[in-house]
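Enquirer: Below is one structure. I have some questions about it.
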Amino acid sequence: MKCFEYSRASTPEQAATSASPTDASFIAGGTNLLDLMKLEIETPLKLVDVTRLELQQVETAADGGLRIGTLVTNSDLAAHPDVIKNYSVLSRAILAGATRQLRNRATTGGNLLQRTRCYYFYQTDSPCNKREPGSGCPAINGENRTLAILGTSEACIAQHPSDMAVAMRLLGATVETIKADGSTRKIAIEYFYCLPKDTPHIETVLETGELITHVFLPAPIKGMHTYDKVRDRASYAFALVSCAAIIDIDNNGSLTTVRLAFGGIGTEPWRNEDVEVLLTDTDGNNDVITQAADLLLKDAKGSGQNDFKIPLTRRLLKQVIQRALAGKGA
């Protein structure tokens with residue numbers, strides 16, 4: 001591991017200012033960053049420790065939503081009574097990720113920023129446009145079984161790894177930040193991540209030194225909350241395909257609320273609201289589900305080994321809708 005400078009911030013403003021150099025990184029749980037540093041994939045010259053900041057609370061907002069501090073651990077967030085009661089899809093998604101030990105350390109802000117597990121990104125003797133812009137993407141014609149089929153480009157097909165972020169995308173979360181100049185901003189999660197295009201090394205809209213301070217969830221959404229994760233083994237594995245869903249059904253068996261977000265298939269947490277509109281106010285018959293799957297996967301592109309994700313996503317979408325209908329959205 002390369003040598004680096006270490007400092008501990010006492011306020012969010014101080015943290016953002018301290019990390020304003022381009023070669024600095026924030027550290028909290030460190031569950032992803034430390035691995036990247038050990039492998040010399042990321043080599044910050046300065047680490048700004050934010051673990052002492054007062055950002056470890058989950059608070060009820062005036063409009064009935066939740067304001068989650070960036071340092072709330074994954075375990076604490078999944079176990080929070082308000083999350084279990086009103087945002088159970090989020091709790092389910094978090095518990096589907098990693099191990100208990102990692103969830104005890106991983107933070108809300110860090111989880112949103114975790115990086116892909118593409119083999120070539122982690123293989124430092126291999127080209128990788130995410131790691132070394134302009135070097136190429138061997139995954140396109142190589143080992144790509146776990147990689148993305150949506151939002152890809154000729155420069156990158158790496159998948160987004162987070163389970164929690166998929167649920168946050170479903171819930172319409174807003175990311176609250178502070179910049180190095182002391183200004184703050186709120187970023188809707190649908191605009192937070194960047195598609196790879198020809199700059200796959202730019203993964204979010206965050207500026208240099210910009211610190212996530214909170215994640216805001218709007219008022220709860222009525223309906224059945226589910227999180228399905230298809231993976232190679234039952235625990236401690238990243239999703240091949242996952243689906244976070246909130247579905248509500250009226251007494252006539254019509255889908256009155258449909259929200260769907262997918263993981264494992266996109267270069268970012270994937271949600272297509274046109275698919276939700278197509279399914280809403282229908283009885284969810286096979287023809288409608290087929291149309292919805294066609295729309296969802298209209299731009300999907302397999303790269304060989306990951307071609308199976310296209311039919312797998314179709315089956316998962318059908319399962320989620322049919323199960324909700326069988327349970328009447330309860």
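Identifiers in this document derive from the order of the structure tokens: chains are assigned A, B, ..., residues are numbered from 1 separately in each chain, and ligands are numbered from 1 in order of occurrence.
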So that I can check the secondary structure, give me every residue of segment 1-149 of chain A assigned strand (DSSP E) by backbone DSSP, as an NGL selection string.

Expert: :A and (5-8 or 24-27 or 46-49 or 58-60 or 66-69)

Enquirer: Identify, on the basis of only C-alpha atoms, every residue whose closest approach to Ala98 of chain A does not exceed 10 Å; exclude the query and any residue fewer than 5 positions from it along the same chain; express the result as a list in words.

Expert: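 So, after excluding close chain neighbours, the residues are Asn74, Arg103, Ala106, Ser162, Asp163, Ser235, Tyr236, Ala237 and Phe238 of chain A.
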
Enquirer: Using only C-alpha atoms, determine which residues lie at most 8 Å from Val166 of chain A, disregarding the query and same-chain residues fewer than 3 positions distant; provide the list as a PyMOL selection string.

Expert: chain A and resi 93+162-163+169-170+243-244+261-263+269-270

Enquirer: For the selection just defined, write its residues with N, CA, C and O atoms to a file, as a JSON list (two decimals), in the first residue's frame.

Expert:
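Written file, part_34.json:
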[["chain", "number", "residue", "atom", "x", "y", "z"],
["A", 93, "ALA", "N", -33.46, -5.18, 1.06],
["A", 93, "ALA", "CA", -32.34, -5.04, 0.14],
["A", 93, "ALA", "C", -31.01, -5.03, 0.89],
["A", 93, "ALA", "O", -30.03, -5.67, 0.47],
["A", 162, "SER", "N", -24.41, -2.31, -5.81],
["A", 162, "SER", "CA", -25.14, -2.09, -4.55],
["A", 162, "SER", "C", -26.57, -2.62, -4.57],
["A", 162, "SER", "O", -27.31, -2.39, -5.52],
["A", 163, "ASP", "N", -26.95, -3.32, -3.50],
["A", 163, "ASP", "CA", -28.36, -3.68, -3.29],
["A", 163, "ASP", "C", -29.13, -2.51, -2.71],
["A", 163, "ASP", "O", -30.25, -2.21, -3.14],
["A", 169, "ARG", "N", -33.21, 3.87, -5.22],
["A", 169, "ARG", "CA", -33.70, 4.33, -6.53],
["A", 169, "ARG", "C", -35.19, 4.11, -6.64],
["A", 169, "ARG", "O", -35.93, 4.95, -7.17],
["A", 170, "LEU", "N", -35.66, 2.98, -6.15],
["A", 170, "LEU", "CA", -37.08, 2.67, -6.17],
["A", 170, "LEU", "C", -37.88, 3.67, -5.35],
["A", 170, "LEU", "O", -38.96, 4.12, -5.76],
["A", 243, "CYS", "N", -34.51, -7.37, -8.07],
["A", 243, "CYS", "CA", -35.65, -6.49, -8.32],
["A", 243, "CYS", "C", -36.24, -6.01, -7.00],
["A", 243, "CYS", "O", -36.66, -6.82, -6.16],
["A", 244, "ALA", "N", -36.23, -4.71, -6.81],
["A", 244, "ALA", "CA", -36.93, -4.07, -5.70],
["A", 244, "ALA", "C", -38.30, -3.63, -6.22],
["A", 244, "ALA", "O", -38.39, -3.05, -7.30],
["A", 261, "ALA", "N", -37.41, -1.45, -9.54],
["A", 261, "ALA", "CA", -36.03, -1.06, -9.79],
["A", 261, "ALA", "C", -35.19, -2.33, -9.81],
["A", 261, "ALA", "O", -35.45, -3.27, -9.04],
["A", 262, "PHE", "N", -34.19, -2.35, -10.66],
["A", 262, "PHE", "CA", -33.43, -3.57, -10.88],
["A", 262, "PHE", "C", -31.95, -3.36, -10.59],
["A", 262, "PHE", "O", -31.38, -2.30, -10.84],
["A", 263, "GLY", "N", -31.32, -4.41, -10.08],
["A", 263, "GLY", "CA", -29.89, -4.42, -9.85],
["A", 263, "GLY", "C", -29.25, -5.54, -10.64],
["A", 263, "GLY", "O", -29.92, -6.47, -11.09],
["A", 269, "PRO", "N", -28.13, 1.63, -10.68],
["A", 269, "PRO", "CA", -29.42, 1.07, -10.28],
["A", 269, "PRO", "C", -30.47, 1.44, -11.34],
["A", 269, "PRO", "O", -30.61, 2.61, -11.69],
["A", 270, "TRP", "N", -31.21, 0.45, -11.83],
["A", 270, "TRP", "CA", -31.99, 0.65, -13.04],
["A", 270, "TRP", "C", -33.49, 0.73, -12.77],
["A", 270, "TRP", "O", -34.07, -0.18, -12.18]]

Enquirer: Between A:Val205, A:Val258, A:Ala324, A:Leu195, which one has atoms that come closest to Ala292 of chain A, using only C-alpha atoms?

Expert: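 Of A:Val205, A:Val258, A:Ala324, A:Leu195, the one nearest Ala292 of chain A is A:Val258, counting only C-alpha atoms.
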
Enquirer: A:Thr22, A:Ser135, A:Gln101, A:Asn32: which is nearest Gln114 of chain A, counting only C-alpha atoms?

Expert: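 Once distances to Gln114 of chain A are computed over only C-alpha atoms, the minimum belongs to A:Asn32.
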